[in-house]
Amino acid sequence: MFVLGISAFFHDSAACLVKDGKIVAACQEERFTRKKHDASFPSQAITACLKIGGITKSDIAMVAFYDKPFLKFERILETYLHYAPWGWISFLKAMPVWMKKKLWIKSLIQDELEYYNEIVFSEHHLSHAAAAFYPSPYENASILTMDGVGEWATASYGLGRANDLKILADIEFPHSLGMLYSAFTHYTGFRVNSGEYKVMGLAPYGEPKYVDDIKENLIDIKPDGSFFLNMDYFNYGSGLTMTSEKFHDLFDGPPRKPETELRQKDMDLAHSVQDVTEEIVLKSAKHIKKETRTKYLCLAGGVALNCVANGKLLRSNIFDDIWIQSAAGDAGGALGAALAAWHGYLDKPRKSDGKNDNMKGCFIGPQFSSDQIQFFLDKAGAKYSKLSDGKLMETVAGFLESGKVIGWFQGRMEFGPRALGNRSIIGDARSPKMQETMNLKIKFRESFRPFAPSVLEEHVSDWFQLDRDSPYMLLVADVAKSIQKESEGENSAIGLEKLCLYRSEIPAVTHVDFSARIQTVHYETNPRYHALINTFYKKTGCPVVVNTSFNVRGEPIVCTPEEAYSCFMHTEMDILVLENFILLKDAQNVLTLERNYKNEFQGHSA
């Protein structure tokens, strides 16, 4: 029995196909349309999921949508009425799309899919909770969800036992930790719903100078982790921006204009809101533990992508262990809705072994055969070699050792915001210049942005202060004391001056506070990526490589060989690996390749 889960129309639309309770495929619409955070109906993602599952639309037994549009519409109307006559312009902008599309999801699904079987609607935070609990390795666990807003809820906690999931309490709009963090994202000059991780990355360059101002004016945090926002400081309830003039007055000026120079003030604000976020997460976890008495906690919702807070939650030992849904944001709502329909609505049983999750390493998107790749390369006029697995690993590990930057494309595309070794750009973590090279010449992004390490799971505790797996790059921990280094100028450096300090034997992945956002690589879920890093380890004694997503700033992660090739050709990447095919930049005739690419493959999807 096939259940199709859908999330759409707010940001990060996605589709997920579940067969008899097992995840077959999931992918975001942005990977096909090439529009970052695409919110449109996920037609192409649905098509990809059905293709992966080997079925047609007529084989779908049930469709599950990730929230309840009428409840969300009710919240929007009540909010506008509350703030009237302020917010009239925002109201006028919002209503046409609601009246034409968002209220008629059932009809839209029927029309788009030519589908007339059962359609069910899950509540937004129930979808998040289902995405957190049902794929987790735990038979019983508590659940915490936090984001901007769903229908009314902005945070919730619940309890999962076998196939039963119940939401026990929630916090309602406009009081929202996600919105608070997004307000500071906007104020520090980054884009809401995509720049929050930049605020998290910027935080270690600052000091928590504004924590008291935030807690005394913006938010009242209760001992149980619940909170109230003072809406005088925010504009998202009725306006088109996040922050009000009162917010600007409190922090001595208007928001930073995007792309202008970062100030120490911005770094201090980032550090301060990060501290407040961590306080709320920890207090919430303590309260949930007290109420539910479970050993484990599962997390989802956009705030669960805050890997710094996740790391501190893990180290707090409030729970024996935590598990975080890799696609914690709205994209994961499609997966949660499908699983909630199967286990909750249909009351189908669920099994867990207490150790392994059911996400298949998050490698649940499309993949491309050697024949497809070779067809493309020949048409493009590319110069390439095809190597055996053993020869490929030796060759690529050698290039890594020599400081080359490599586009690594293989297997099924990852689901969620992180590249985990199938659509990745990789480099030598020991290189003091690798972070700068990747940021400025490959990714075209801000210099302060840290890169993540991929480390063989069997060696994680030797190189990082982490004693368990982190397969989805959602935990931050410090590098091991044994490889840390104190740099000259440590005490006098401020702000972005800290970028010049090399803090460990793997400086390319060590952030300014000695931390790293860790991905453990497992043979069971990604044997080829594991084999590559293991070959590099045998050559160098280092089981760690830099891993960043295969894209440039402002674009989604690549899906197809064509997109990987285009990214390779338009950046200063040195090597491209497409499965067993390897391309050297120096060997390519750039003008011929670009001409052939544009003529033959512009807009083409394999």
# chains A, B, ... in the order shown; residues from 1 in each chain; ligands from 1
>>> select_by_dssp(residues="region 477-560 of chain A", states="alpha helix (DSSP H)", output="JSON, numbers by chain")
{"A": [527, 528, 529, 530, 531, 532, 533, 534, 535, 536, 537, 538, 539, 540]}
>>> residues_around(residues="Asn534 (chain A)", least_positions_apart="5", cutoff="9 Å", atoms="only C-alpha atoms", output="VMD selection string")
chain A and resid 397 456 529 539 542 to 544
>>> write_last_selection(atoms="C-alpha atoms", output="PDB file, in the first residue's frame")
ATOM      1  CA  ALA A 397      42.270  10.386  -2.143  1.00  0.00           C
ATOM      2  CA  LEU A 456      34.662   7.854   9.733  1.00  0.00           C
ATOM      3  CA  TYR A 529      31.932   7.637   0.671  1.00  0.00           C
ATOM      4  CA  LYS A 539      47.366   7.782   3.083  1.00  0.00           C
ATOM      5  CA  CYS A 542      43.502  11.674   9.043  1.00  0.00           C
ATOM      6  CA  PRO A 543      39.977  10.149   8.850  1.00  0.00           C
ATOM      7  CA  VAL A 544      38.365  13.567   8.288  1.00  0.00           C
TER       8      VAL A 544
END
>>> residues_around(residues="region 105-109 of chain A", least_positions_apart="2", cutoff="9 Å", atoms="only C-alpha atoms", output="list in words")
Phe41, Val63, Phe65, Pro69, Lys101, Lys102, Leu103, Asp111, Glu112, Leu113, Glu114, Tyr115, Tyr116, Ile119 and Val120 of chain A
>>> atom_distance(atom1="CA of Ile425 (chain A)", atom2="CA of Val405 (chain A)")
7.1 Å
>>> select_by_dssp(residues="region 264-495 of chain A", states="strand (DSSP E or B)", output="PyMOL selection string")
chain A and resi 296-300+321-324+363+385-386+406-409+414+423-428+452-456+464+475-479+484
>>> residues_around(residues="Met393 (chain A)", least_positions_apart="3", cutoff="12 Å", atoms="only C-alpha atoms", output="PyMOL selection string")
chain A and resi 387-390+396-400+408+527-539+577+579-582
>>> write_last_selection(atoms="N, CA and C atoms", output="PDB file, in the first residue's frame")
ATOM      1  N   LEU A 387      37.006   4.847 -14.033  1.00  0.00           N
ATOM      2  CA  LEU A 387      37.911   4.038 -13.217  1.00  0.00           C
ATOM      3  C   LEU A 387      37.135   3.007 -12.425  1.00  0.00           C
ATOM      4  N   SER A 388      37.802   1.920 -12.082  1.00  0.00           N
ATOM      5  CA  SER A 388      37.217   0.955 -11.154  1.00  0.00           C
ATOM      6  C   SER A 388      37.097   1.595  -9.776  1.00  0.00           C
ATOM      7  N   ASP A 389      36.279   0.999  -8.907  1.00  0.00           N
ATOM      8  CA  ASP A 389      36.101   1.565  -7.572  1.00  0.00           C
ATOM      9  C   ASP A 389      37.439   1.739  -6.852  1.00  0.00           C
ATOM     10  N   GLY A 390      38.257   0.681  -6.859  1.00  0.00           N
ATOM     11  CA  GLY A 390      39.537   0.751  -6.145  1.00  0.00           C
ATOM     12  C   GLY A 390      40.437   1.843  -6.677  1.00  0.00           C
ATOM     13  N   VAL A 396      41.251   9.714  -6.169  1.00  0.00           N
ATOM     14  CA  VAL A 396      40.597  10.866  -5.538  1.00  0.00           C
ATOM     15  C   VAL A 396      41.244  11.181  -4.195  1.00  0.00           C
ATOM     16  N   ALA A 397      41.581  10.150  -3.415  1.00  0.00           N
ATOM     17  CA  ALA A 397      42.270  10.386  -2.143  1.00  0.00           C
ATOM     18  C   ALA A 397      43.602  11.094  -2.371  1.00  0.00           C
ATOM     19  N   GLY A 398      44.305  10.731  -3.448  1.00  0.00           N
ATOM     20  CA  GLY A 398      45.554  11.411  -3.788  1.00  0.00           C
ATOM     21  C   GLY A 398      45.339  12.867  -4.132  1.00  0.00           C
ATOM     22  N   PHE A 399      44.284  13.156  -4.878  1.00  0.00           N
ATOM     23  CA  PHE A 399      43.973  14.549  -5.196  1.00  0.00           C
ATOM     24  C   PHE A 399      43.613  15.335  -3.925  1.00  0.00           C
ATOM     25  N   LEU A 400      42.849  14.718  -3.027  1.00  0.00           N
ATOM     26  CA  LEU A 400      42.541  15.371  -1.749  1.00  0.00           C
ATOM     27  C   LEU A 400      43.821  15.714  -0.992  1.00  0.00           C
ATOM     28  N   TRP A 408      31.878  15.687  -5.651  1.00  0.00           N
ATOM     29  CA  TRP A 408      31.669  14.247  -5.445  1.00  0.00           C
ATOM     30  C   TRP A 408      30.182  13.955  -5.598  1.00  0.00           C
ATOM     31  N   PRO A 527      28.650   3.127   1.723  1.00  0.00           N
ATOM     32  CA  PRO A 527      29.926   2.410   1.632  1.00  0.00           C
ATOM     33  C   PRO A 527      30.955   3.093   0.725  1.00  0.00           C
ATOM     34  N   ARG A 528      30.524   3.764  -0.350  1.00  0.00           N
ATOM     35  CA  ARG A 528      31.489   4.394  -1.261  1.00  0.00           C
ATOM     36  C   ARG A 528      32.143   5.616  -0.628  1.00  0.00           C
ATOM     37  N   TYR A 529      31.366   6.457   0.014  1.00  0.00           N
ATOM     38  CA  TYR A 529      31.932   7.637   0.671  1.00  0.00           C
ATOM     39  C   TYR A 529      32.831   7.199   1.827  1.00  0.00           C
ATOM     40  N   HIS A 530      32.407   6.179   2.540  1.00  0.00           N
ATOM     41  CA  HIS A 530      33.217   5.630   3.622  1.00  0.00           C
ATOM     42  C   HIS A 530      34.539   5.103   3.072  1.00  0.00           C
ATOM     43  N   ALA A 531      34.482   4.408   1.933  1.00  0.00           N
ATOM     44  CA  ALA A 531      35.705   3.856   1.331  1.00  0.00           C
ATOM     45  C   ALA A 531      36.659   4.964   0.900  1.00  0.00           C
ATOM     46  N   LEU A 532      36.119   6.060   0.368  1.00  0.00           N
ATOM     47  CA  LEU A 532      36.977   7.170  -0.038  1.00  0.00           C
ATOM     48  C   LEU A 532      37.700   7.774   1.163  1.00  0.00           C
ATOM     49  N   ILE A 533      36.959   8.062   2.222  1.00  0.00           N
ATOM     50  CA  ILE A 533      37.587   8.672   3.402  1.00  0.00           C
ATOM     51  C   ILE A 533      38.563   7.697   4.044  1.00  0.00           C
ATOM     52  N   ASN A 534      38.218   6.421   4.040  1.00  0.00           N
ATOM     53  CA  ASN A 534      39.123   5.422   4.612  1.00  0.00           C
ATOM     54  C   ASN A 534      40.430   5.330   3.810  1.00  0.00           C
ATOM     55  N   THR A 535      40.332   5.458   2.493  1.00  0.00           N
ATOM     56  CA  THR A 535      41.544   5.472   1.655  1.00  0.00           C
ATOM     57  C   THR A 535      42.392   6.707   1.964  1.00  0.00           C
ATOM     58  N   PHE A 536      41.729   7.838   2.126  1.00  0.00           N
ATOM     59  CA  PHE A 536      42.424   9.079   2.502  1.00  0.00           C
ATOM     60  C   PHE A 536      43.093   8.920   3.874  1.00  0.00           C
ATOM     61  N   TYR A 537      42.393   8.259   4.787  1.00  0.00           N
ATOM     62  CA  TYR A 537      42.931   8.012   6.127  1.00  0.00           C
ATOM     63  C   TYR A 537      44.197   7.155   6.067  1.00  0.00           C
ATOM     64  N   LYS A 538      44.178   6.121   5.226  1.00  0.00           N
ATOM     65  CA  LYS A 538      45.360   5.258   5.104  1.00  0.00           C
ATOM     66  C   LYS A 538      46.554   6.008   4.524  1.00  0.00           C
ATOM     67  N   LYS A 539      46.296   6.985   3.673  1.00  0.00           N
ATOM     68  CA  LYS A 539      47.366   7.782   3.083  1.00  0.00           C
ATOM     69  C   LYS A 539      47.928   8.814   4.050  1.00  0.00           C
ATOM     70  N   VAL A 577      33.813  14.193  -9.916  1.00  0.00           N
ATOM     71  CA  VAL A 577      33.599  12.745  -9.930  1.00  0.00           C
ATOM     72  C   VAL A 577      32.102  12.493 -10.045  1.00  0.00           C
ATOM     73  N   GLU A 579      29.880   9.306 -10.194  1.00  0.00           N
ATOM     74  CA  GLU A 579      29.997   7.860 -10.005  1.00  0.00           C
ATOM     75  C   GLU A 579      31.448   7.439 -10.280  1.00  0.00           C
ATOM     76  N   ASN A 580      31.721   6.637 -11.313  1.00  0.00           N
ATOM     77  CA  ASN A 580      33.096   6.192 -11.568  1.00  0.00           C
ATOM     78  C   ASN A 580      33.798   7.002 -12.655  1.00  0.00           C
ATOM     79  N   PHE A 581      33.153   8.075 -13.110  1.00  0.00           N
ATOM     80  CA  PHE A 581      33.747   8.951 -14.112  1.00  0.00           C
ATOM     81  C   PHE A 581      34.449  10.107 -13.405  1.00  0.00           C
ATOM     82  N   ILE A 582      35.647  10.442 -13.861  1.00  0.00           N
ATOM     83  CA  ILE A 582      36.414  11.512 -13.248  1.00  0.00           C
ATOM     84  C   ILE A 582      36.839  12.508 -14.324  1.00  0.00           C
TER      85      ILE A 582
END
>>> atom_distance(atom1="CA of Glu151 (chain A)", atom2="CA of Leu17 (chain A)")
23.9 Å
>>> residues_around(residues="Ile324 (chain A)", least_positions_apart="5", cutoff="8 Å", atoms="only C-alpha atoms", output="ChimeraX atom specification")
/A:132,298-300,304,474
>>> residues_around(residues="region 137-142 of chain A", least_positions_apart="4", cutoff="6 Å", atoms="only C-alpha atoms", output="MDAnalysis selection string")
chainID A and resid 158:162 294 296:297 352 354:357
>>> write_last_selection(atoms="all heavy atoms", output="mmCIF file, in the first residue's frame")
data_model
loop_
_atom_site.group_PDB
_atom_site.id
_atom_site.type_symbol
_atom_site.label_atom_id
_atom_site.label_comp_id
_atom_site.auth_asym_id
_atom_site.auth_seq_id
_atom_site.Cartn_x
_atom_site.Cartn_y
_atom_site.Cartn_z
ATOM 1 N N GLY A 158 5.260 16.094 22.855
ATOM 2 C CA GLY A 158 4.359 14.963 22.861
ATOM 3 C C GLY A 158 5.068 13.692 23.263
ATOM 4 O O GLY A 158 6.231 13.699 23.699
ATOM 5 N N LEU A 159 4.371 12.595 23.093
ATOM 6 C CA LEU A 159 4.874 11.294 23.521
ATOM 7 C C LEU A 159 4.546 10.260 22.454
ATOM 8 O O LEU A 159 3.412 10.183 21.975
ATOM 9 C CB LEU A 159 4.228 10.908 24.857
ATOM 10 C CG LEU A 159 4.686 9.611 25.516
ATOM 11 C CD1 LEU A 159 6.162 9.711 25.896
ATOM 12 C CD2 LEU A 159 3.843 9.335 26.767
ATOM 13 N N GLY A 160 5.551 9.491 22.067
ATOM 14 C CA GLY A 160 5.353 8.414 21.121
ATOM 15 C C GLY A 160 5.586 7.072 21.780
ATOM 16 O O GLY A 160 6.600 6.876 22.448
ATOM 17 N N ARG A 161 4.633 6.161 21.583
ATOM 18 C CA ARG A 161 4.766 4.793 22.103
ATOM 19 C C ARG A 161 4.329 3.838 20.986
ATOM 20 O O ARG A 161 3.157 3.861 20.590
ATOM 21 C CB ARG A 161 3.902 4.583 23.341
ATOM 22 C CG ARG A 161 4.335 5.408 24.541
ATOM 23 C CD ARG A 161 3.560 5.012 25.797
ATOM 24 N NE ARG A 161 3.929 5.824 26.953
ATOM 25 C CZ ARG A 161 4.995 5.624 27.715
ATOM 26 N NH1 ARG A 161 5.822 4.611 27.418
ATOM 27 N NH2 ARG A 161 5.260 6.392 28.743
ATOM 28 N N ALA A 162 5.275 3.027 20.504
ATOM 29 C CA ALA A 162 5.007 2.111 19.387
ATOM 30 C C ALA A 162 4.472 2.906 18.200
ATOM 31 O O ALA A 162 5.164 3.756 17.679
ATOM 32 C CB ALA A 162 4.086 1.002 19.829
ATOM 33 N N THR A 294 10.591 9.612 29.964
ATOM 34 C CA THR A 294 11.164 8.718 28.960
ATOM 35 C C THR A 294 12.681 8.898 28.908
ATOM 36 O O THR A 294 13.228 9.874 29.406
ATOM 37 C CB THR A 294 10.577 9.000 27.572
ATOM 38 O OG1 THR A 294 10.868 10.341 27.211
ATOM 39 C CG2 THR A 294 9.081 8.771 27.547
ATOM 40 N N TYR A 296 14.399 8.941 25.940
ATOM 41 C CA TYR A 296 14.851 9.499 24.663
ATOM 42 C C TYR A 296 13.974 10.660 24.231
ATOM 43 O O TYR A 296 12.787 10.735 24.562
ATOM 44 C CB TYR A 296 14.826 8.403 23.591
ATOM 45 C CG TYR A 296 15.596 7.167 23.975
ATOM 46 C CD1 TYR A 296 14.946 5.962 24.225
ATOM 47 C CD2 TYR A 296 16.976 7.210 24.126
ATOM 48 C CE1 TYR A 296 15.643 4.822 24.587
ATOM 49 C CE2 TYR A 296 17.693 6.074 24.498
ATOM 50 C CZ TYR A 296 17.021 4.890 24.720
ATOM 51 O OH TYR A 296 17.723 3.769 25.093
ATOM 52 N N LEU A 297 14.582 11.535 23.436
ATOM 53 C CA LEU A 297 13.877 12.696 22.900
ATOM 54 C C LEU A 297 14.101 12.771 21.396
ATOM 55 O O LEU A 297 15.243 12.664 20.919
ATOM 56 C CB LEU A 297 14.381 13.984 23.559
ATOM 57 C CG LEU A 297 13.739 15.299 23.081
ATOM 58 C CD1 LEU A 297 12.266 15.360 23.498
ATOM 59 C CD2 LEU A 297 14.493 16.509 23.636
ATOM 60 N N SER A 352 10.821 -0.919 15.879
ATOM 61 C CA SER A 352 12.140 -0.271 15.962
ATOM 62 C C SER A 352 13.077 -1.206 16.704
ATOM 63 O O SER A 352 12.646 -1.985 17.552
ATOM 64 C CB SER A 352 12.038 1.071 16.682
ATOM 65 O OG SER A 352 11.562 0.895 17.998
ATOM 66 N N GLY A 354 15.807 -0.076 18.409
ATOM 67 C CA GLY A 354 16.494 0.622 19.486
ATOM 68 C C GLY A 354 17.853 1.163 19.110
ATOM 69 O O GLY A 354 18.489 1.866 19.895
ATOM 70 N N LYS A 355 18.303 0.897 17.871
ATOM 71 C CA LYS A 355 19.638 1.354 17.469
ATOM 72 C C LYS A 355 19.623 2.101 16.146
ATOM 73 O O LYS A 355 20.181 3.185 16.031
ATOM 74 C CB LYS A 355 20.586 0.158 17.382
ATOM 75 C CG LYS A 355 22.002 0.530 16.977
ATOM 76 C CD LYS A 355 22.903 -0.702 16.881
ATOM 77 C CE LYS A 355 24.311 -0.310 16.443
ATOM 78 N NZ LYS A 355 25.191 -1.493 16.281
ATOM 79 N N ASN A 356 18.996 1.506 15.131
ATOM 80 C CA ASN A 356 19.053 2.067 13.778
ATOM 81 C C ASN A 356 17.755 2.786 13.436
ATOM 82 O O ASN A 356 16.666 2.267 13.695
ATOM 83 C CB ASN A 356 19.301 0.953 12.759
ATOM 84 C CG ASN A 356 20.617 0.237 13.001
ATOM 85 O OD1 ASN A 356 21.677 0.829 12.960
ATOM 86 N ND2 ASN A 356 20.530 -1.068 13.271
ATOM 87 N N ASP A 357 17.886 3.978 12.826
ATOM 88 C CA ASP A 357 16.687 4.662 12.371
ATOM 89 C C ASP A 357 16.265 4.098 11.017
ATOM 90 O O ASP A 357 16.913 3.213 10.464
ATOM 91 C CB ASP A 357 16.905 6.181 12.319
ATOM 92 C CG ASP A 357 17.920 6.604 11.262
ATOM 93 O OD1 ASP A 357 17.848 6.113 10.126
ATOM 94 O OD2 ASP A 357 18.780 7.460 11.577
#
>>> residues_around(residues="region 504-509 of chain A", least_positions_apart="5", cutoff="7 Å", atoms="only C-alpha atoms", output="list in words")
Ala429, Arg430, Ser431, Pro432, Met434, Gln435, Pro450, Phe451, Ala452, Pro453, Ile483, Gln484, Lys485, Ala516 and Val546 of chain A
>>> write_last_selection(atoms="C-alpha atoms", output="PDB file, in the first residue's frame")
ATOM      1  CA  ALA A 429      40.426  19.261   6.391  1.00  0.00           C
ATOM      2  CA  ARG A 430      44.116  19.664   7.339  1.00  0.00           C
ATOM      3  CA  SER A 431      44.599  22.557   4.905  1.00  0.00           C
ATOM      4  CA  PRO A 432      44.657  26.007   6.550  1.00  0.00           C
ATOM      5  CA  MET A 434      40.708  25.175   2.391  1.00  0.00           C
ATOM      6  CA  GLN A 435      37.929  27.126   4.157  1.00  0.00           C
ATOM      7  CA  PRO A 450      32.159  27.276   8.706  1.00  0.00           C
ATOM      8  CA  PHE A 451      32.436  23.962   6.899  1.00  0.00           C
ATOM      9  CA  ALA A 452      31.527  20.592   8.302  1.00  0.00           C
ATOM     10  CA  PRO A 453      33.785  17.573   8.775  1.00  0.00           C
ATOM     11  CA  ILE A 483      44.400  18.188  18.244  1.00  0.00           C
ATOM     12  CA  GLN A 484      43.491  21.704  19.412  1.00  0.00           C
ATOM     13  CA  LYS A 485      46.014  24.488  18.980  1.00  0.00           C
ATOM     14  CA  ALA A 516      32.570  21.564  14.461  1.00  0.00           C
ATOM     15  CA  VAL A 546      35.750  18.826   4.546  1.00  0.00           C
TER      16      VAL A 546
END
>>> atom_distance(atom1="CA of Asp330 (chain A)", atom2="CA of Ser58 (chain A)")
26.3 Å
>>> closest_residue(among="A:Glu436, A:Asp268, A:Arg315, A:Tyr80", to="Pro204 (chain A)", atoms="only C-alpha atoms")
A:Asp268
>>> closest_residue(among="A:Ala270, A:Met231, A:Ile214, A:Ala564", to="His186 (chain A)", atoms="only C-alpha atoms")
A:Ala270
>>> closest_residue(among="A:Ile221, A:Ile322, A:Ile46, A:Leu282", to="Lys295 (chain A)", atoms="only C-alpha atoms")
A:Ile322
